[in-house]
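Read the structure below first, then the notes.
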Amino acid sequence: MIFEIDNIELYFADKQILNGVYLKAETGKVTGILGPNGCGKSSLLNIFFGRLQPRHKLIRIDKKPYLKPLFKYGMVNYLPQQNFIPPKMKLETCFQLFKVDLREFLKIFPEFKAAKNNKMRELSGGQQRVVEIYICLNSRAKLILLDEPFSHLSPLYVEKIKHLLQKLKKKKAIIITDHMYRHILDSSDEIYLLKNGSTQLIKEEKALEDYQYLRVGTF
């Protein structure tokens with residue numbers, strides 16, 4: 001499946017945040033979004049999900065326009081920067097509620113076995129993030145939006161999440177954004193730079209220096 005969002009115009013009060021933005025994601029690929037803090041990356045994901053309504057937008061799936069928010073079609077899942085699983089919910093209950101196999105999770109993250117009956121608030125911040133990322137990636141949604149997935153994760157968890165992205169992209173389109181640009185570069189098949197309200201497809205890493213997102217000499 002090919003997911004496209006096009007001609008996005010977003011204003012907050014009289015300030016224009018996004019202008020003519022285009023982004024494409026497709027099954028079999030991880031699409032990364034890079035950009036400076038406050039440039040509108042999270043807003044773009046929220047528009048794609050359907051939580052935020054801009055002044056203008058066009059969303060297409062396999063070239064067919066979709067007018068309703070994508071979450072209403074049940075084909076998209078979104079990982080926000082803040083936790084979405086209630087802190088009092090037990091780990092085992094989370095997997096039952098979201099219909100994700102806990103046994104498969106424990107094969108990859110065996111250190112959670114002793115925490116099956118723990119509440120989410122009893123896990124570390126990094127562990128909570130791992131659980132939420134895993135549940136999002138393993139949902140039935142065909143489009144997965146991950147906002148800052150690598151924040152607060154230990155290096156070991158980062159590598160395991162990167163492996164999951166490569167495994168699960170075979171059946172899903174995945175969009176990720178993170179201020180830790182190295183992880184985005186490592187994980188993504190295509191990169192868009194969001195700057196000054198619009199997107200630019202990055203065909204080679206050196207272009208990130210040319211667009212002054214990274215310092216000259218980074219690569």
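Naming scheme: A, B, ... for chains in displayed order of the structure tokens; residues 1 onward per chain; ligands 1 onward as shown.
The protein and nucleic acid residues lying at most 10 Å from region 205-219 of chain A are Leu34, Gly35, Pro36, Tyr181, Leu185, Ile191, Tyr192, Leu193, Leu194, Lys195, Gln200 and Leu201 of chain A, with only C-alpha atoms considered and sequence neighbours fewer than 4 positions away removed.
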Limited to N, CA, C and O atoms, could you put the picked residues into a file as a compact mmCIF listing (two decimals), in the first residue's frame?
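And here is the file that came out, result18.txt:
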# COMPACT_ATOMS: atom_id res chain seq x y z
N LEU A 34 13.14 14.07 9.37
CA LEU A 34 14.09 14.84 10.17
C LEU A 34 13.72 16.31 10.08
O LEU A 34 13.09 16.76 9.12
N GLY A 35 14.15 17.06 11.08
CA GLY A 35 13.89 18.49 11.08
C GLY A 35 14.20 19.09 12.43
O GLY A 35 14.22 18.37 13.44
N PRO A 36 14.45 20.39 12.48
CA PRO A 36 14.76 21.04 13.77
C PRO A 36 13.56 21.00 14.71
O PRO A 36 12.41 20.83 14.29
N TYR A 181 19.08 11.83 15.06
CA TYR A 181 19.07 11.64 13.61
C TYR A 181 19.81 10.39 13.16
O TYR A 181 19.46 9.79 12.14
N LEU A 185 18.53 7.74 10.34
CA LEU A 185 19.31 7.39 9.15
C LEU A 185 19.55 5.89 9.07
O LEU A 185 19.49 5.29 7.99
N ILE A 191 14.17 9.30 3.44
CA ILE A 191 14.26 10.38 4.41
C ILE A 191 13.66 11.65 3.82
O ILE A 191 13.96 12.02 2.69
N TYR A 192 12.82 12.31 4.62
CA TYR A 192 12.34 13.64 4.28
C TYR A 192 12.86 14.62 5.33
O TYR A 192 12.86 14.32 6.53
N LEU A 193 13.29 15.78 4.87
CA LEU A 193 13.67 16.86 5.78
C LEU A 193 12.53 17.88 5.80
O LEU A 193 12.10 18.37 4.75
N LEU A 194 12.05 18.17 7.00
CA LEU A 194 11.00 19.18 7.18
C LEU A 194 11.66 20.45 7.71
O LEU A 194 12.21 20.45 8.82
N LYS A 195 11.62 21.49 6.91
CA LYS A 195 12.28 22.74 7.29
C LYS A 195 11.55 23.90 6.64
O LYS A 195 11.14 23.81 5.48
N GLN A 200 11.46 18.11 1.97
CA GLN A 200 12.38 17.85 0.88
C GLN A 200 12.85 16.41 0.98
O GLN A 200 13.33 15.99 2.03
N LEU A 201 12.69 15.63 -0.10
CA LEU A 201 13.17 14.26 -0.11
C LEU A 201 14.70 14.29 -0.16
O LEU A 201 15.29 14.93 -1.04
Per DSSP on the backbone, filter region 13-212 of chain A down to the residues in strand (DSSP E) and report them as a compact mmCIF listing (two decimals) with N, CA and C atoms, in the first residue's frame.
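As written to disk, selection_3.txt reads:
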# COMPACT_ATOMS: atom_id res chain seq x y z
N LYS A 15 0.06 32.17 12.44
CA LYS A 15 1.40 31.68 12.09
C LYS A 15 1.30 30.41 11.25
N GLN A 16 1.92 30.44 10.10
CA GLN A 16 1.92 29.26 9.24
C GLN A 16 3.00 28.28 9.71
N ILE A 17 2.60 27.03 9.95
CA ILE A 17 3.52 26.01 10.42
C ILE A 17 3.95 25.10 9.27
N LEU A 18 3.00 24.68 8.46
CA LEU A 18 3.28 23.80 7.32
C LEU A 18 2.69 24.41 6.06
N ASN A 19 3.41 24.28 4.96
CA ASN A 19 2.97 24.90 3.72
C ASN A 19 3.31 24.01 2.53
N GLY A 20 2.29 23.40 1.91
CA GLY A 20 2.52 22.57 0.73
C GLY A 20 3.31 21.31 0.99
N VAL A 21 3.18 20.76 2.18
CA VAL A 21 3.96 19.57 2.56
C VAL A 21 3.49 18.34 1.78
N TYR A 22 4.45 17.55 1.32
CA TYR A 22 4.17 16.25 0.70
C TYR A 22 5.01 15.19 1.39
N LEU A 23 4.40 14.02 1.60
CA LEU A 23 5.12 12.90 2.22
C LEU A 23 4.51 11.60 1.72
N LYS A 24 5.36 10.63 1.43
CA LYS A 24 4.89 9.32 0.98
C LYS A 24 5.49 8.23 1.85
N ALA A 25 4.66 7.25 2.18
CA ALA A 25 5.12 6.05 2.89
C ALA A 25 4.51 4.85 2.19
N GLU A 26 5.23 3.76 2.17
CA GLU A 26 4.69 2.58 1.51
C GLU A 26 5.09 1.30 2.22
N VAL A 30 10.58 1.93 5.64
CA VAL A 30 10.51 2.85 6.77
C VAL A 30 10.84 4.24 6.23
N THR A 31 9.93 5.17 6.46
CA THR A 31 10.12 6.55 6.02
C THR A 31 10.46 7.41 7.22
N GLY A 32 11.61 8.07 7.18
CA GLY A 32 12.05 8.91 8.29
C GLY A 32 11.81 10.38 8.01
N ILE A 33 11.44 11.12 9.06
CA ILE A 33 11.29 12.58 8.97
C ILE A 33 12.30 13.22 9.91
N LEU A 34 13.14 14.07 9.37
CA LEU A 34 14.09 14.84 10.17
C LEU A 34 13.72 16.31 10.08
N HIS A 56 -5.80 22.88 5.01
CA HIS A 56 -5.95 22.13 3.76
C HIS A 56 -5.10 20.88 3.83
N LYS A 57 -5.61 19.79 3.25
CA LYS A 57 -4.84 18.55 3.17
C LYS A 57 -5.44 17.67 2.09
N LEU A 58 -4.62 16.74 1.61
CA LEU A 58 -5.07 15.70 0.69
C LEU A 58 -4.36 14.41 1.07
N ILE A 59 -5.13 13.39 1.40
CA ILE A 59 -4.57 12.09 1.77
C ILE A 59 -5.03 11.06 0.74
N ARG A 60 -4.08 10.31 0.22
CA ARG A 60 -4.37 9.27 -0.76
C ARG A 60 -3.78 7.94 -0.29
N ILE A 61 -4.53 6.88 -0.56
CA ILE A 61 -4.03 5.52 -0.33
C ILE A 61 -4.16 4.78 -1.64
N LYS A 64 -6.08 6.67 -4.21
CA LYS A 64 -7.48 6.98 -3.96
C LYS A 64 -7.58 7.98 -2.81
N PRO A 65 -8.28 9.10 -2.99
CA PRO A 65 -8.42 10.09 -1.90
C PRO A 65 -9.26 9.54 -0.74
N VAL A 76 -4.53 2.90 10.71
CA VAL A 76 -3.35 3.63 11.17
C VAL A 76 -3.24 3.54 12.69
N ASN A 77 -2.00 3.47 13.17
CA ASN A 77 -1.75 3.50 14.61
C ASN A 77 -0.65 4.52 14.87
N TYR A 78 -0.79 5.23 15.98
CA TYR A 78 0.09 6.37 16.26
C TYR A 78 0.70 6.26 17.64
N LEU A 79 2.03 6.35 17.70
CA LEU A 79 2.75 6.42 18.97
C LEU A 79 3.10 7.87 19.25
N LEU A 143 -0.53 1.27 8.54
CA LEU A 143 0.35 2.43 8.60
C LEU A 143 0.67 2.72 10.07
N ILE A 144 1.95 2.77 10.39
CA ILE A 144 2.39 3.01 11.76
C ILE A 144 3.16 4.33 11.82
N LEU A 145 2.76 5.20 12.74
CA LEU A 145 3.40 6.50 12.93
C LEU A 145 4.08 6.51 14.29
N LEU A 146 5.39 6.70 14.31
CA LEU A 146 6.15 6.66 15.55
C LEU A 146 6.81 8.02 15.79
N ASP A 147 6.40 8.68 16.85
CA ASP A 147 6.92 10.01 17.19
C ASP A 147 7.95 9.87 18.32
N ALA A 173 3.56 -0.02 6.31
CA ALA A 173 4.26 1.23 6.03
C ALA A 173 4.54 1.90 7.38
N ILE A 174 5.77 2.32 7.59
CA ILE A 174 6.16 2.89 8.89
C ILE A 174 6.79 4.26 8.68
N ILE A 175 6.31 5.23 9.45
CA ILE A 175 6.89 6.57 9.45
C ILE A 175 7.45 6.85 10.84
N ILE A 176 8.70 7.29 10.90
CA ILE A 176 9.31 7.60 12.19
C ILE A 176 9.94 8.99 12.15
N THR A 177 9.91 9.65 13.28
CA THR A 177 10.63 10.90 13.43
C THR A 177 11.29 10.90 14.80
N GLU A 190 13.74 5.76 3.23
CA GLU A 190 13.62 7.09 2.62
C GLU A 190 13.60 8.13 3.73
N ILE A 191 14.17 9.30 3.44
CA ILE A 191 14.26 10.38 4.41
C ILE A 191 13.66 11.65 3.82
N TYR A 192 12.82 12.31 4.62
CA TYR A 192 12.34 13.64 4.28
C TYR A 192 12.86 14.62 5.33
N LEU A 193 13.29 15.78 4.87
CA LEU A 193 13.67 16.86 5.78
C LEU A 193 12.53 17.88 5.80
N LEU A 194 12.05 18.17 7.00
CA LEU A 194 11.00 19.18 7.18
C LEU A 194 11.66 20.45 7.71
N LYS A 195 11.62 21.49 6.91
CA LYS A 195 12.28 22.74 7.29
C LYS A 195 11.55 23.90 6.64
N SER A 198 8.09 23.16 4.84
CA SER A 198 7.90 22.26 3.71
C SER A 198 8.88 21.08 3.79
N THR A 199 8.62 20.06 2.98
CA THR A 199 9.44 18.85 3.01
C THR A 199 10.32 18.76 1.78
N GLN A 200 11.46 18.11 1.97
CA GLN A 200 12.38 17.85 0.88
C GLN A 200 12.85 16.41 0.98
N LEU A 201 12.69 15.63 -0.10
CA LEU A 201 13.17 14.26 -0.11
C LEU A 201 14.70 14.29 -0.16
N ILE A 202 15.32 13.58 0.77
CA ILE A 202 16.78 13.55 0.87
C ILE A 202 17.29 12.29 0.19
request  = Per DSSP on the backbone, filter region 74-133 of chain A down to the residues in alpha helix (DSSP H) and report them as a PyMOL selection string.
outcome  = chain A and resi 91-97+102-108+125-133
Can I get the selection written as a tab-separated table (two decimals), in the first residue's frame, with N, CA, C and O atoms?
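The file below, part-v4.tsv, is the result:
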chain	number	residue	atom	x	y	z
A	91	LEU	N	0.85	-5.00	32.91
A	91	LEU	CA	1.51	-5.31	31.64
A	91	LEU	C	0.74	-6.39	30.87
A	91	LEU	O	0.47	-6.24	29.67
A	92	GLU	N	0.38	-7.46	31.54
A	92	GLU	CA	-0.34	-8.55	30.88
A	92	GLU	C	-1.66	-8.07	30.31
A	92	GLU	O	-2.06	-8.46	29.20
A	93	THR	N	-2.35	-7.20	31.05
A	93	THR	CA	-3.63	-6.66	30.59
A	93	THR	C	-3.46	-5.81	29.33
A	93	THR	O	-4.33	-5.82	28.44
A	94	CYS	N	-2.36	-5.08	29.24
A	94	CYS	CA	-2.09	-4.25	28.06
A	94	CYS	C	-2.11	-5.08	26.80
A	94	CYS	O	-2.75	-4.72	25.80
A	95	PHE	N	-1.42	-6.21	26.85
A	95	PHE	CA	-1.32	-7.04	25.65
A	95	PHE	C	-2.67	-7.69	25.32
A	95	PHE	O	-3.01	-7.85	24.15
A	96	GLN	N	-3.43	-8.03	26.34
A	96	GLN	CA	-4.77	-8.58	26.10
A	96	GLN	C	-5.67	-7.53	25.47
A	96	GLN	O	-6.41	-7.81	24.51
A	97	LEU	N	-5.62	-6.32	26.01
A	97	LEU	CA	-6.49	-5.25	25.54
A	97	LEU	C	-6.21	-4.89	24.08
A	97	LEU	O	-7.13	-4.70	23.28
A	102	LEU	N	1.67	-11.55	24.00
A	102	LEU	CA	2.67	-11.30	25.04
A	102	LEU	C	3.81	-12.30	24.97
A	102	LEU	O	4.97	-11.97	25.22
A	103	ARG	N	3.52	-13.54	24.60
A	103	ARG	CA	4.57	-14.57	24.54
A	103	ARG	C	5.65	-14.22	23.53
A	103	ARG	O	6.84	-14.42	23.79
A	104	GLU	N	5.24	-13.69	22.39
A	104	GLU	CA	6.22	-13.29	21.38
A	104	GLU	C	7.06	-12.11	21.87
A	104	GLU	O	8.26	-12.04	21.60
A	105	PHE	N	6.41	-11.21	22.58
A	105	PHE	CA	7.14	-10.08	23.16
A	105	PHE	C	8.21	-10.55	24.13
A	105	PHE	O	9.35	-10.06	24.12
A	106	LEU	N	7.86	-11.52	24.97
A	106	LEU	CA	8.80	-12.01	25.99
A	106	LEU	C	9.95	-12.79	25.38
A	106	LEU	O	11.02	-12.90	26.00
A	107	LYS	N	9.78	-13.31	24.19
A	107	LYS	CA	10.88	-13.98	23.51
A	107	LYS	C	11.96	-12.98	23.11
A	107	LYS	O	13.16	-13.29	23.14
A	108	ILE	N	11.52	-11.78	22.74
A	108	ILE	CA	12.46	-10.73	22.33
A	108	ILE	C	12.98	-9.95	23.53
A	108	ILE	O	14.15	-9.56	23.57
A	125	GLY	N	10.85	4.29	32.66
A	125	GLY	CA	10.36	5.05	31.51
A	125	GLY	C	10.73	4.39	30.19
A	125	GLY	O	9.93	4.34	29.26
A	126	GLY	N	11.96	3.88	30.11
A	126	GLY	CA	12.39	3.19	28.90
A	126	GLY	C	11.61	1.92	28.64
A	126	GLY	O	11.28	1.61	27.49
A	127	GLN	N	11.32	1.17	29.71
A	127	GLN	CA	10.55	-0.07	29.55
A	127	GLN	C	9.13	0.22	29.10
A	127	GLN	O	8.58	-0.50	28.26
A	128	GLN	N	8.51	1.27	29.64
A	128	GLN	CA	7.17	1.64	29.20
A	128	GLN	C	7.17	1.99	27.72
A	128	GLN	O	6.26	1.61	26.98
A	129	ARG	N	8.22	2.70	27.29
A	129	ARG	CA	8.31	3.08	25.89
A	129	ARG	C	8.45	1.86	24.99
A	129	ARG	O	7.83	1.78	23.92
A	130	VAL	N	9.24	0.88	25.42
A	130	VAL	CA	9.42	-0.35	24.64
A	130	VAL	C	8.08	-1.07	24.47
A	130	VAL	O	7.75	-1.52	23.36
A	131	VAL	N	7.31	-1.17	25.54
A	131	VAL	CA	6.02	-1.83	25.48
A	131	VAL	C	5.09	-1.12	24.49
A	131	VAL	O	4.45	-1.75	23.64
A	132	GLU	N	5.04	0.19	24.56
A	132	GLU	CA	4.14	0.95	23.69
A	132	GLU	C	4.58	0.87	22.22
A	132	GLU	O	3.73	0.76	21.33
A	133	ILE	N	5.88	0.93	21.98
A	133	ILE	CA	6.37	0.79	20.60
A	133	ILE	C	6.01	-0.57	20.04
A	133	ILE	O	5.52	-0.70	18.91
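Each of A:Pro110, A:Gly28, A:Pro69, A:Pro54 was checked against Gly40 (chain A) using only C-alpha atoms; the smallest atom-to-atom distance is that of A:Pro54.
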